[in-house]
>>> print(open('my_file08.cif').read())   # mmCIF, C-alpha atoms
data_protein
loop_
_atom_site.group_PDB
_atom_site.id
_atom_site.type_symbol
_atom_site.label_atom_id
_atom_site.label_comp_id
_atom_site.auth_asym_id
_atom_site.auth_seq_id
_atom_site.Cartn_x
_atom_site.Cartn_y
_atom_site.Cartn_z
ATOM 1 C CA MET A 1 -1.733 -9.519 -19.591
ATOM 2 C CA THR A 2 0.565 -7.964 -16.985
ATOM 3 C CA ILE A 3 -0.957 -6.613 -13.789
ATOM 4 C CA GLN A 4 0.429 -4.354 -11.091
ATOM 5 C CA THR A 5 -1.565 -3.323 -8.038
ATOM 6 C CA PHE A 6 -0.641 -1.380 -4.917
ATOM 7 C CA ALA A 7 -2.438 -1.226 -1.567
ATOM 8 C CA PRO A 8 -1.221 1.061 1.217
ATOM 9 C CA GLY A 9 -0.910 0.394 4.892
ATOM 10 C CA ARG A 10 -2.801 2.638 7.221
ATOM 11 C CA VAL A 11 -2.470 4.629 10.404
ATOM 12 C CA ASN A 12 -5.645 5.119 12.365
ATOM 13 C CA LEU A 13 -5.511 8.610 13.825
ATOM 14 C CA ILE A 14 -8.148 7.804 16.423
ATOM 15 C CA GLY A 15 -10.966 5.314 16.945
ATOM 16 C CA GLU A 16 -9.211 2.151 18.112
ATOM 17 C CA HIS A 17 -11.059 -1.119 18.806
ATOM 18 C CA THR A 18 -14.314 0.546 17.776
ATOM 19 C CA ASP A 19 -14.696 -0.818 14.253
ATOM 20 C CA TYR A 20 -15.910 -4.314 15.083
ATOM 21 C CA SER A 21 -18.652 -2.911 17.309
ATOM 22 C CA GLY A 22 -19.934 -0.602 14.571
ATOM 23 C CA GLY A 23 -18.232 2.523 15.906
ATOM 24 C CA LEU A 24 -16.344 5.447 14.411
ATOM 25 C CA VAL A 25 -12.788 5.412 13.051
ATOM 26 C CA LEU A 26 -10.535 8.007 11.435
ATOM 27 C CA PRO A 27 -7.697 6.344 9.492
ATOM 28 C CA ILE A 28 -5.320 7.627 6.843
ATOM 29 C CA ALA A 29 -3.748 5.561 4.106
ATOM 30 C CA ILE A 30 0.034 6.021 4.119
ATOM 31 C CA GLN A 31 2.738 6.061 1.482
ATOM 32 C CA LEU A 32 4.010 2.549 2.307
ATOM 33 C CA GLY A 33 2.290 -0.625 1.240
ATOM 34 C CA VAL A 34 2.164 -3.861 -0.713
ATOM 35 C CA THR A 35 2.663 -4.256 -4.457
ATOM 36 C CA VAL A 36 1.581 -7.249 -6.547
ATOM 37 C CA HIS A 37 3.061 -8.028 -9.976
ATOM 38 C CA ALA A 38 1.080 -10.780 -11.666
ATOM 39 C CA GLU A 39 -0.463 -12.315 -14.753
ATOM 40 C CA PRO A 40 -3.530 -14.514 -15.214
ATOM 41 C CA ALA A 41 -2.894 -18.214 -14.646
ATOM 42 C CA GLU A 42 -4.686 -21.524 -14.174
ATOM 43 C CA HIS A 43 -3.379 -22.028 -10.651
ATOM 44 C CA LEU A 44 -2.638 -19.607 -7.803
ATOM 45 C CA GLU A 45 1.147 -19.181 -7.657
ATOM 46 C CA VAL A 46 2.541 -16.243 -5.698
ATOM 47 C CA ASP A 47 6.009 -15.613 -4.296
ATOM 48 C CA SER A 48 6.581 -12.983 -1.662
ATOM 49 C CA ASP A 49 9.082 -11.040 0.385
ATOM 50 C CA HIS A 50 6.219 -10.298 2.795
ATOM 51 C CA PRO A 51 7.695 -10.627 6.291
ATOM 52 C CA GLY A 52 6.356 -13.255 8.628
ATOM 53 C CA GLU A 53 5.139 -16.778 8.235
ATOM 54 C CA GLY A 54 1.809 -17.894 6.850
ATOM 55 C CA TRP A 55 1.304 -15.015 4.431
ATOM 56 C CA PHE A 56 0.071 -17.340 1.659
ATOM 57 C CA ARG A 57 -2.942 -18.240 3.789
ATOM 58 C CA TYR A 58 -4.151 -14.670 3.257
ATOM 59 C CA VAL A 59 -3.750 -15.012 -0.511
ATOM 60 C CA GLU A 60 -5.733 -18.247 -0.600
ATOM 61 C CA ALA A 61 -8.392 -16.816 1.697
ATOM 62 C CA VAL A 62 -8.874 -13.742 -0.481
ATOM 63 C CA ALA A 63 -9.283 -15.929 -3.558
ATOM 64 C CA ALA A 64 -11.847 -18.075 -1.742
ATOM 65 C CA GLU A 65 -13.881 -15.086 -0.537
ATOM 66 C CA LEU A 66 -13.963 -13.536 -4.007
ATOM 67 C CA ALA A 67 -15.023 -16.862 -5.505
ATOM 68 C CA GLU A 68 -17.970 -16.930 -3.125
ATOM 69 C CA LEU A 69 -18.952 -13.480 -4.391
ATOM 70 C CA GLY A 70 -19.028 -14.818 -7.949
ATOM 71 C CA ARG A 71 -15.625 -13.866 -9.324
ATOM 72 C CA PRO A 72 -14.761 -15.951 -12.421
ATOM 73 C CA ASP A 73 -12.273 -18.735 -11.776
ATOM 74 C CA VAL A 74 -9.073 -17.123 -13.071
ATOM 75 C CA ALA A 75 -5.993 -17.433 -10.876
ATOM 76 C CA ILE A 76 -2.802 -15.339 -10.891
ATOM 77 C CA ARG A 77 0.894 -16.098 -11.042
ATOM 78 C CA GLY A 78 3.231 -13.468 -9.687
ATOM 79 C CA SER A 79 5.034 -11.896 -6.770
ATOM 80 C CA VAL A 80 4.316 -9.722 -3.768
ATOM 81 C CA THR A 81 6.672 -7.069 -2.412
ATOM 82 C CA SER A 82 6.179 -4.958 0.693
ATOM 83 C CA ASP A 83 7.856 -2.052 2.438
ATOM 84 C CA LEU A 84 5.531 -2.326 5.436
ATOM 85 C CA PRO A 85 6.915 -3.921 8.601
ATOM 86 C CA ALA A 86 4.736 -6.814 9.750
ATOM 87 C CA GLY A 87 3.338 -6.637 13.274
ATOM 88 C CA ALA A 88 4.060 -2.930 13.667
ATOM 89 C CA GLY A 89 0.436 -1.805 13.673
ATOM 90 C CA LEU A 90 0.416 -0.495 10.097
ATOM 91 C CA SER A 91 -1.944 -3.174 8.799
ATOM 92 C CA SER A 92 0.400 -5.122 6.575
ATOM 93 C CA SER A 93 -2.057 -8.027 6.383
ATOM 94 C CA ALA A 94 -4.921 -5.847 5.105
ATOM 95 C CA ALA A 95 -2.651 -4.238 2.512
ATOM 96 C CA LEU A 96 -1.654 -7.707 1.308
ATOM 97 C CA GLU A 97 -5.290 -8.782 1.112
ATOM 98 C CA VAL A 98 -6.367 -5.697 -0.832
ATOM 99 C CA ALA A 99 -3.465 -5.760 -3.292
ATOM 100 C CA VAL A 100 -4.068 -9.454 -4.024
ATOM 101 C CA ALA A 101 -7.824 -8.931 -4.307
ATOM 102 C CA LEU A 102 -7.383 -6.162 -6.876
ATOM 103 C CA ALA A 103 -4.983 -8.297 -8.914
ATOM 104 C CA LEU A 104 -7.430 -11.199 -8.887
ATOM 105 C CA CYS A 105 -10.263 -8.908 -9.975
ATOM 106 C CA VAL A 106 -8.227 -7.463 -12.856
ATOM 107 C CA ALA A 107 -7.137 -10.918 -13.997
ATOM 108 C CA ALA A 108 -10.764 -12.029 -14.194
ATOM 109 C CA GLY A 109 -12.075 -8.798 -15.719
ATOM 110 C CA TRP A 110 -14.412 -8.512 -12.762
ATOM 111 C CA GLU A 111 -15.375 -5.398 -10.799
ATOM 112 C CA VAL A 112 -16.849 -4.981 -7.336
ATOM 113 C CA GLU A 113 -17.706 -1.960 -5.200
ATOM 114 C CA PRO A 114 -14.840 -0.848 -2.917
ATOM 115 C CA LEU A 115 -16.623 -1.471 0.382
ATOM 116 C CA VAL A 116 -17.846 -4.865 -0.818
ATOM 117 C CA LEU A 117 -14.251 -5.706 -1.670
ATOM 118 C CA ALA A 118 -13.082 -4.372 1.706
ATOM 119 C CA ASP A 119 -15.566 -6.596 3.512
ATOM 120 C CA ALA A 120 -14.477 -9.634 1.489
ATOM 121 C CA CYS A 121 -10.877 -8.938 2.537
ATOM 122 C CA ARG A 122 -12.001 -8.566 6.153
ATOM 123 C CA ARG A 123 -13.638 -11.976 5.985
ATOM 124 C CA ALA A 124 -10.491 -13.358 4.370
ATOM 125 C CA GLU A 125 -8.464 -12.377 7.429
ATOM 126 C CA PHE A 126 -10.834 -14.349 9.624
ATOM 127 C CA ARG A 127 -10.738 -17.279 7.205
ATOM 128 C CA ALA A 128 -6.923 -17.194 7.102
ATOM 129 C CA VAL A 129 -6.026 -16.817 10.767
ATOM 130 C CA GLY A 130 -9.262 -16.656 12.736
ATOM 131 C CA ALA A 131 -8.839 -12.967 13.563
ATOM 132 C CA PRO A 132 -12.275 -11.339 14.097
ATOM 133 C CA VAL A 133 -11.235 -7.948 12.716
ATOM 134 C CA GLY A 134 -13.507 -5.105 11.728
ATOM 135 C CA ILE A 135 -13.528 -3.367 8.359
ATOM 136 C CA LEU A 136 -11.276 -0.448 9.352
ATOM 137 C CA ASP A 137 -7.987 -1.625 7.862
ATOM 138 C CA GLN A 138 -9.284 -2.803 4.517
ATOM 139 C CA ALA A 139 -11.572 0.220 4.053
ATOM 140 C CA ALA A 140 -8.729 2.626 4.802
ATOM 141 C CA SER A 141 -6.482 0.880 2.298
ATOM 142 C CA LEU A 142 -9.112 1.100 -0.437
ATOM 143 C CA LEU A 143 -10.716 4.488 0.273
ATOM 144 C CA GLY A 144 -7.804 6.593 1.529
ATOM 145 C CA ARG A 145 -7.080 9.886 -0.219
ATOM 146 C CA GLU A 146 -4.048 12.150 -0.273
ATOM 147 C CA ARG A 147 -4.054 14.890 2.422
ATOM 148 C CA HIS A 148 -7.249 13.490 3.950
ATOM 149 C CA ALA A 149 -8.391 11.160 6.685
ATOM 150 C CA LEU A 150 -11.399 8.876 6.264
ATOM 151 C CA LEU A 151 -14.193 9.253 8.802
ATOM 152 C CA LEU A 152 -15.997 5.919 8.665
ATOM 153 C CA ASP A 153 -19.024 4.752 10.593
ATOM 154 C CA CYS A 154 -18.378 1.016 10.735
ATOM 155 C CA GLY A 155 -22.028 0.328 11.558
ATOM 156 C CA THR A 156 -23.669 2.079 8.631
ATOM 157 C CA LEU A 157 -20.543 2.288 6.390
ATOM 158 C CA GLU A 158 -21.302 5.971 5.848
ATOM 159 C CA HIS A 159 -18.056 7.802 5.274
ATOM 160 C CA ARG A 160 -16.575 11.129 4.321
ATOM 161 C CA LEU A 161 -13.155 12.655 3.867
ATOM 162 C CA VAL A 162 -11.707 14.991 6.491
ATOM 163 C CA PRO A 163 -8.870 17.325 5.424
ATOM 164 C CA VAL A 164 -5.667 16.898 7.430
ATOM 165 C CA PRO A 165 -3.926 20.250 8.012
ATOM 166 C CA ASP A 166 -0.586 20.494 6.230
ATOM 167 C CA GLU A 167 1.111 21.647 9.424
ATOM 168 C CA LEU A 168 0.233 18.408 11.236
ATOM 169 C CA VAL A 169 3.268 16.117 11.305
ATOM 170 C CA ILE A 170 2.590 12.414 11.817
ATOM 171 C CA PHE A 171 5.208 9.996 13.120
ATOM 172 C CA VAL A 172 4.982 6.262 13.684
ATOM 173 C CA VAL A 173 7.448 4.811 16.188
ATOM 174 C CA ASP A 174 7.959 1.051 16.211
ATOM 175 C CA SER A 175 8.104 -0.338 19.743
ATOM 176 C CA GLY A 176 9.947 -3.432 18.546
ATOM 177 C CA VAL A 177 7.367 -5.614 20.304
ATOM 178 C CA ARG A 178 5.823 -7.808 17.620
ATOM 179 C CA HIS A 179 2.235 -8.946 17.637
ATOM 180 C CA SER A 180 -0.330 -10.596 15.410
ATOM 181 C CA HIS A 181 -4.100 -10.690 15.648
ATOM 182 C CA GLU A 182 -3.815 -14.462 15.566
ATOM 183 C CA THR A 183 -1.661 -14.865 18.685
ATOM 184 C CA SER A 184 -2.342 -11.710 20.737
ATOM 185 C CA GLY A 185 -5.317 -11.074 23.012
ATOM 186 C CA TYR A 186 -7.229 -9.341 20.211
ATOM 187 C CA ALA A 187 -9.986 -11.977 19.971
ATOM 188 C CA GLN A 188 -10.330 -12.089 23.742
ATOM 189 C CA ARG A 189 -10.850 -8.319 23.953
ATOM 190 C CA ARG A 190 -13.558 -8.491 21.300
ATOM 191 C CA ALA A 191 -15.295 -11.314 23.158
ATOM 192 C CA GLU A 192 -15.142 -9.312 26.389
ATOM 193 C CA LEU A 193 -16.655 -6.283 24.658
ATOM 194 C CA GLU A 194 -19.455 -8.342 23.162
ATOM 195 C CA ALA A 195 -20.114 -9.860 26.579
ATOM 196 C CA GLY A 196 -20.630 -6.352 27.980
ATOM 197 C CA MET A 197 -17.561 -6.128 30.214
ATOM 198 C CA GLU A 198 -17.816 -2.677 31.782
ATOM 199 C CA LYS A 199 -14.259 -1.483 31.170
ATOM 200 C CA ARG A 200 -14.293 -2.589 27.542
ATOM 201 C CA VAL A 201 -17.640 -0.936 26.848
ATOM 202 C CA ARG A 202 -16.501 2.260 28.569
ATOM 203 C CA HIS A 203 -13.500 2.489 26.277
ATOM 204 C CA VAL A 204 -15.574 2.075 23.121
ATOM 205 C CA ARG A 205 -18.167 4.644 24.160
ATOM 206 C CA SER A 206 -15.567 7.219 25.159
ATOM 207 C CA GLU A 207 -13.449 6.518 22.075
ATOM 208 C CA ASN A 208 -16.375 7.131 19.728
ATOM 209 C CA GLU A 209 -16.866 10.520 21.361
ATOM 210 C CA ARG A 210 -13.149 11.261 21.051
ATOM 211 C CA VAL A 211 -13.358 10.558 17.305
ATOM 212 C CA ARG A 212 -16.130 13.141 16.936
ATOM 213 C CA GLN A 213 -14.179 15.701 18.924
ATOM 214 C CA PHE A 214 -10.966 14.963 17.011
ATOM 215 C CA VAL A 215 -12.689 15.606 13.671
ATOM 216 C CA THR A 216 -14.042 18.894 15.018
ATOM 217 C CA ALA A 217 -10.549 19.855 16.181
ATOM 218 C CA LEU A 218 -8.980 19.041 12.808
ATOM 219 C CA GLU A 219 -11.591 20.999 10.916
ATOM 220 C CA ALA A 220 -11.052 23.969 13.242
ATOM 221 C CA GLY A 221 -7.268 23.708 12.947
ATOM 222 C CA ASP A 222 -7.007 23.157 16.715
ATOM 223 C CA LEU A 223 -4.023 20.811 16.734
ATOM 224 C CA GLY A 224 -3.493 21.206 20.467
ATOM 225 C CA ARG A 225 -6.944 19.816 21.203
ATOM 226 C CA ALA A 226 -6.406 16.990 18.714
ATOM 227 C CA GLY A 227 -3.235 16.034 20.564
ATOM 228 C CA GLU A 228 -4.954 16.043 23.948
ATOM 229 C CA LEU A 229 -7.529 13.625 22.595
ATOM 230 C CA LEU A 230 -4.748 11.321 21.437
ATOM 231 C CA TYR A 231 -3.244 11.140 24.921
ATOM 232 C CA ALA A 232 -6.720 10.469 26.327
ATOM 233 C CA SER A 233 -7.213 7.687 23.791
ATOM 234 C CA HIS A 234 -3.985 6.025 24.883
ATOM 235 C CA ALA A 235 -4.970 6.204 28.544
ATOM 236 C CA SER A 236 -8.260 4.502 27.741
ATOM 237 C CA LEU A 237 -6.595 1.819 25.619
ATOM 238 C CA ARG A 238 -4.070 1.225 28.405
ATOM 239 C CA ASP A 239 -6.432 1.227 31.390
ATOM 240 C CA ASP A 240 -9.895 0.260 30.122
ATOM 241 C CA TYR A 241 -9.150 -1.875 27.080
ATOM 242 C CA GLU A 242 -5.808 -3.106 28.405
ATOM 243 C CA VAL A 243 -4.064 -3.581 25.077
ATOM 244 C CA SER A 244 -0.885 -1.619 25.748
ATOM 245 C CA VAL A 245 2.458 -2.910 27.039
ATOM 246 C CA PRO A 246 5.183 -1.166 29.108
ATOM 247 C CA GLU A 247 7.449 -0.603 26.092
ATOM 248 C CA VAL A 248 4.660 1.242 24.301
ATOM 249 C CA ASP A 249 3.694 3.267 27.379
ATOM 250 C CA ALA A 250 7.308 4.418 27.674
ATOM 251 C CA LEU A 251 7.292 5.659 24.073
ATOM 252 C CA VAL A 252 4.111 7.638 24.696
ATOM 253 C CA GLU A 253 5.660 9.283 27.755
ATOM 254 C CA ARG A 254 8.766 10.117 25.746
ATOM 255 C CA ALA A 255 6.533 11.912 23.244
ATOM 256 C CA ARG A 256 5.013 13.989 26.025
ATOM 257 C CA GLU A 257 8.464 14.895 27.360
ATOM 258 C CA ALA A 258 9.595 15.928 23.874
ATOM 259 C CA GLY A 259 6.685 18.324 23.525
ATOM 260 C CA ALA A 260 4.585 16.302 21.097
ATOM 261 C CA LEU A 261 0.989 17.348 20.602
ATOM 262 C CA GLY A 262 -0.209 13.839 21.379
ATOM 263 C CA ALA A 263 0.602 10.154 21.177
ATOM 264 C CA ARG A 264 -1.068 6.780 21.571
ATOM 265 C CA ILE A 265 -0.714 3.110 20.796
ATOM 266 C CA VAL A 266 -1.964 2.352 17.305
ATOM 267 C CA GLY A 267 -3.246 -0.860 15.755
ATOM 268 C CA GLY A 268 -4.519 -3.965 17.478
ATOM 269 C CA GLY A 269 -2.289 -3.479 20.495
ATOM 270 C CA PHE A 270 -0.068 -5.793 22.571
ATOM 271 C CA GLY A 271 2.968 -4.181 20.938
ATOM 272 C CA GLY A 272 3.293 -2.667 17.505
ATOM 273 C CA SER A 273 3.721 1.066 17.095
ATOM 274 C CA VAL A 274 2.992 4.421 18.644
ATOM 275 C CA LEU A 275 1.388 7.264 16.719
ATOM 276 C CA VAL A 276 2.910 10.647 17.567
ATOM 277 C CA LEU A 277 1.555 13.997 16.402
ATOM 278 C CA ALA A 278 3.566 17.203 16.229
ATOM 279 C CA ASP A 279 3.386 20.535 14.482
ATOM 280 C CA GLU A 280 6.087 21.752 12.149
ATOM 281 C CA ALA A 281 7.680 23.869 14.865
ATOM 282 C CA GLY A 282 8.098 20.922 17.211
ATOM 283 C CA ALA A 283 8.671 18.130 14.705
ATOM 284 C CA ASP A 284 12.472 18.103 14.900
ATOM 285 C CA ALA A 285 12.496 17.864 18.702
ATOM 286 C CA VAL A 286 9.983 15.030 18.615
ATOM 287 C CA ALA A 287 11.911 13.146 15.935
ATOM 288 C CA ALA A 288 15.123 13.502 17.945
ATOM 289 C CA ALA A 289 13.488 11.744 20.903
ATOM 290 C CA TYR A 290 13.386 8.446 19.002
ATOM 291 C CA ASP A 291 15.960 6.312 17.231
ATOM 292 C CA ASP A 292 14.196 5.846 13.912
ATOM 293 C CA PRO A 293 10.761 7.465 13.721
ATOM 294 C CA LEU A 294 8.839 6.973 10.506
ATOM 295 C CA ARG A 295 7.238 10.133 9.176
ATOM 296 C CA VAL A 296 4.074 9.293 7.290
ATOM 297 C CA ARG A 297 1.642 11.332 5.285
ATOM 298 C CA PRO A 298 -1.966 10.816 4.198
ATOM 299 C CA GLY A 299 -1.644 9.130 0.829
ATOM 300 C CA PRO A 300 -3.925 7.720 -1.849
ATOM 301 C CA GLY A 301 -5.751 4.459 -1.450
ATOM 302 C CA ALA A 302 -5.211 1.254 -3.386
ATOM 303 C CA VAL A 303 -4.659 1.557 -7.115
ATOM 304 C CA ILE A 304 -4.246 -0.552 -10.222
ATOM 305 C CA ARG A 305 -0.940 0.816 -11.432
ATOM 306 C CA ARG A 306 -0.735 -1.217 -14.598
ATOM 307 C CA SER A 307 -3.008 -3.564 -16.484
ATOM 308 C CA SER A 308 -1.988 -4.249 -20.057
ATOM 309 C CA ASN A 309 -1.919 -6.883 -22.755
ATOM 310 C CA GLU A 310 1.692 -7.238 -23.814
ATOM 311 C CA ASN A 311 0.611 -8.445 -27.276
ATOM 312 C CA ALA A 312 -1.578 -5.434 -27.912
#
>>> encode(input="my_file08.cif", output="C-alpha cells")
Amino acid sequence: MTIQTFAPGRVNLIGEHTDYSGGLVLPIAIQLGVTVHAEPAEHLEVDSDHPGEGWFRYVEAVAAELAELGRPDVAIRGSVTSDLPAGAGLSSSAALEVAVALALCVAAGWEVEPLVLADACRRAEFRAVGAPVGILDQAASLLGRERHALLLDCGTLEHRLVPVPDELVIFVVDSGVRHSHETSGYAQRRAELEAGMEKRVRHVRSENERVRQFVTALEAGDLGRAGELLYASHASLRDDYEVSVPEVDALVERAREAGALGARIVGGGFGGSVLVLADEAGADAVAAAYDDPLRVRPGPGAVIRRSSNENA
C-alpha cells in the first residue's frame, strides 16, 4: 500500500492565546503544508526535510498518542516534505503532526473523528517538547475549508465556517526572528494566565470579544472594521500579553504606513510572522512595503491524497 497525506499550515486571523483557556479563535488553513509519503511497516522509519532539529520527536509522540487511543500497531516507513518555514508562526509542527497522524491511521485501516485526532496531535506536541498548546493549530489544519475561516470555541469545540470575502487579501510577513514553543516564553504566559495575572486575563477577555466583532465585520463585508480589530489585537498582545518583539512591532507599523487595513503578530509570539490584511485596491502598495511577503489564501484542510494497493 502506498499512502500520501497532506496537512496545511494555518494563519489565525484573530483570537491569539485564547485557545488554551477555552476561548474563541478564527483560523484559516493555508495552501502551504506538510506532505507524507509512506507505506505500512513493522517499525517507524521516517526521513524528512522538515526544517529544525528534533522533528522526529513529534512523529514518535503522534504514534504514541494514537496507540493510547487504540490504533492497531502498524508503523509506517516513508518521508516527510514541507514548504512551511519552521518558527514563522504558521504552525509547521501541527501540520507535521496531522499529516503523520493521517498516514498512521490509513496504514492501520483505522478511523477517528477529526477533533479527536486534533486533540491527540495537541497532546503529542506536549509529549514531544513539553509545549502546553491549545487545540487551535491542529483543528485548523484538519477542519479548514477553501474560502472560509473556522470559528472555533475551544471550550465547547463548537465550530462553524465563516466565509472570507474574496476582496480580502491576506499577507504573512516573516520577521526573521525564530521561535519555538519549547524555548520561548509560551509556557510562562500560559502559567501566568492560569494564575490570574491581571494583564494576561485582560488580553484574553478583550481578544474573545474582538473575535466576535471580527466575525460580524467579515459577514457584513466591513473590511475596515476588521482591520481596526487586528491593530487592536496586536496592541493587546504587545502590551497586555507581552509576546511581541521590536522587529515584529516595526513590521506592524510599516503595514499601517503602507495603508494596510490591519496587522498583528500571529502565532505563539516572541518572533515569527506578522499577519497583514489589505483589500485588492491597496494590496500592491502593502506588498511593496516588504521584501518578500507571502500571500496566502483560505485553503482546504488536511487530506488523504492517495491510498492504494500497488498490487491491486
>>> resolve_selection(input="my_file08.cif", expression="the PyMOL selection byres ((chain A and resi 8) around 6)", output="number ranges by chain")
A: 7, 9, 29-30, 32-33, 95, 141
>>> closest_residue(input="my_file08.cif", among="A:Pro27, A:Gly227, A:Gly89, A:Gly185", to="Pro132 of chain A", atoms="all atoms listed in the file")
A:Gly185
>>> closest_residue(input="my_file08.cif", among="A:Leu223, A:Ala63, A:Val248, A:Leu168", to="Glu45 of chain A", atoms="only C-alpha atoms")
A:Ala63
>>> resolve_selection(input="my_file08.cif", expression="the PyMOL selection byres ((chain A and resi 288) around 12)", output="MDAnalysis selection string")
chainID A and resid 171 173 254:255 257:260 282:287 289:294
>>> residues_near_point(input="my_file08.cif", point="(-20.0, 1.5, 4.4)", cutoff="12 Å", atoms="all atoms listed in the file", output="mmCIF file with C-alpha atoms, in the coordinates of the input")
data_model
loop_
_atom_site.group_PDB
_atom_site.id
_atom_site.type_symbol
_atom_site.label_atom_id
_atom_site.label_comp_id
_atom_site.auth_asym_id
_atom_site.auth_seq_id
_atom_site.Cartn_x
_atom_site.Cartn_y
_atom_site.Cartn_z
ATOM 1 C CA ASP A 19 -14.696 -0.818 14.253
ATOM 2 C CA GLY A 22 -19.934 -0.602 14.571
ATOM 3 C CA GLY A 23 -18.232 2.523 15.906
ATOM 4 C CA LEU A 24 -16.344 5.447 14.411
ATOM 5 C CA VAL A 25 -12.788 5.412 13.051
ATOM 6 C CA GLU A 113 -17.706 -1.960 -5.200
ATOM 7 C CA PRO A 114 -14.840 -0.848 -2.917
ATOM 8 C CA LEU A 115 -16.623 -1.471 0.382
ATOM 9 C CA VAL A 116 -17.846 -4.865 -0.818
ATOM 10 C CA LEU A 117 -14.251 -5.706 -1.670
ATOM 11 C CA ALA A 118 -13.082 -4.372 1.706
ATOM 12 C CA ASP A 119 -15.566 -6.596 3.512
ATOM 13 C CA GLY A 134 -13.507 -5.105 11.728
ATOM 14 C CA ILE A 135 -13.528 -3.367 8.359
ATOM 15 C CA LEU A 136 -11.276 -0.448 9.352
ATOM 16 C CA GLN A 138 -9.284 -2.803 4.517
ATOM 17 C CA ALA A 139 -11.572 0.220 4.053
ATOM 18 C CA ALA A 140 -8.729 2.626 4.802
ATOM 19 C CA LEU A 142 -9.112 1.100 -0.437
ATOM 20 C CA LEU A 143 -10.716 4.488 0.273
ATOM 21 C CA LEU A 150 -11.399 8.876 6.264
ATOM 22 C CA LEU A 151 -14.193 9.253 8.802
ATOM 23 C CA LEU A 152 -15.997 5.919 8.665
ATOM 24 C CA ASP A 153 -19.024 4.752 10.593
ATOM 25 C CA CYS A 154 -18.378 1.016 10.735
ATOM 26 C CA GLY A 155 -22.028 0.328 11.558
ATOM 27 C CA THR A 156 -23.669 2.079 8.631
ATOM 28 C CA LEU A 157 -20.543 2.288 6.390
ATOM 29 C CA GLU A 158 -21.302 5.971 5.848
ATOM 30 C CA HIS A 159 -18.056 7.802 5.274
ATOM 31 C CA ARG A 160 -16.575 11.129 4.321
#
>>> closest_residue(input="my_file08.cif", among="A:Gln213, A:Thr81, A:Thr18, A:Ser93", to="Gly54 of chain A", atoms="only C-alpha atoms")
A:Ser93
>>> atom_distance(input="my_file08.cif", atom1="atom CA of Val296 of chain A", atom2="atom CA of Val11 of chain A")
8.6 Å
>>> axis_aligned_box(input="my_file08.cif", around="segment 153-162 of chain A", padding_each_side="8 Å", output="AutoDock Vina command-line options")
--center_x -17.7 --center_y 7.7 --center_z 7.7 --size_x 28.0 --size_y 30.7 --size_z 23.7
>>> atom_distance(input="my_file08.cif", atom1="atom CA of Gly144 of chain A", atom2="atom CA of Arg202 of chain A")
28.7 Å
>>> atom_distance(input="my_file08.cif", atom1="atom CA of Val62 of chain A", atom2="atom CA of Ile3 of chain A")
17.0 Å
>>> closest_residue(input="my_file08.cif", among="A:Asp83, A:Asp73, A:Asp174, A:Glu65", to="Ala250 of chain A", atoms="all atoms listed in the file")
A:Asp174
>>> closest_residue(input="my_file08.cif", among="A:Gly269, A:Pro163, A:Gly109, A:Gly224", to="Leu26 of chain A", atoms="all atoms listed in the file")
A:Pro163
>>> closest_residue(input="my_file08.cif", among="A:Leu90, A:Leu104, A:Val172, A:Ala232", to="His43 of chain A", atoms="all atoms listed in the file")
A:Leu104
>>> resolve_selection(input="my_file08.cif", expression="the PyMOL selection byres ((chain A and resi 192) around 12)", output="number ranges by chain")
A: 17, 21, 185-191, 193-204, 240-242
>>> write_last_selection(input="my_file08.cif", atoms="C-alpha atoms", output="mmCIF file, in the frame of the given file")
data_model
loop_
_atom_site.group_PDB
_atom_site.id
_atom_site.type_symbol
_atom_site.label_atom_id
_atom_site.label_comp_id
_atom_site.auth_asym_id
_atom_site.auth_seq_id
_atom_site.Cartn_x
_atom_site.Cartn_y
_atom_site.Cartn_z
ATOM 1 C CA HIS A 17 -11.059 -1.119 18.806
ATOM 2 C CA SER A 21 -18.652 -2.911 17.309
ATOM 3 C CA GLY A 185 -5.317 -11.074 23.012
ATOM 4 C CA TYR A 186 -7.229 -9.341 20.211
ATOM 5 C CA ALA A 187 -9.986 -11.977 19.971
ATOM 6 C CA GLN A 188 -10.330 -12.089 23.742
ATOM 7 C CA ARG A 189 -10.850 -8.319 23.953
ATOM 8 C CA ARG A 190 -13.558 -8.491 21.300
ATOM 9 C CA ALA A 191 -15.295 -11.314 23.158
ATOM 10 C CA LEU A 193 -16.655 -6.283 24.658
ATOM 11 C CA GLU A 194 -19.455 -8.342 23.162
ATOM 12 C CA ALA A 195 -20.114 -9.860 26.579
ATOM 13 C CA GLY A 196 -20.630 -6.352 27.980
ATOM 14 C CA MET A 197 -17.561 -6.128 30.214
ATOM 15 C CA GLU A 198 -17.816 -2.677 31.782
ATOM 16 C CA LYS A 199 -14.259 -1.483 31.170
ATOM 17 C CA ARG A 200 -14.293 -2.589 27.542
ATOM 18 C CA VAL A 201 -17.640 -0.936 26.848
ATOM 19 C CA ARG A 202 -16.501 2.260 28.569
ATOM 20 C CA HIS A 203 -13.500 2.489 26.277
ATOM 21 C CA VAL A 204 -15.574 2.075 23.121
ATOM 22 C CA ASP A 240 -9.895 0.260 30.122
ATOM 23 C CA TYR A 241 -9.150 -1.875 27.080
ATOM 24 C CA GLU A 242 -5.808 -3.106 28.405
#
>>> residues_around(input="my_file08.cif", residues="Ser244 of chain A", least_positions_apart="3", cutoff="8 Å", atoms="all atoms listed in the file", output="VMD selection string")
chain A and resid 237 to 238 248 to 249 265 269 to 271
>>> residues_around(input="my_file08.cif", residues="Leu13 of chain A", least_positions_apart="4", cutoff="9 Å", atoms="all atoms listed in the file", output="PyMOL selection string")
chain A and resi 25-28+149+211+214+230+266+275
>>> residues_near_point(input="my_file08.cif", point="(4.9, -1.3, -13.5)", cutoff="7 Å", atoms="only C-alpha atoms", output="ChimeraX atom specification")
/A:4,305-306
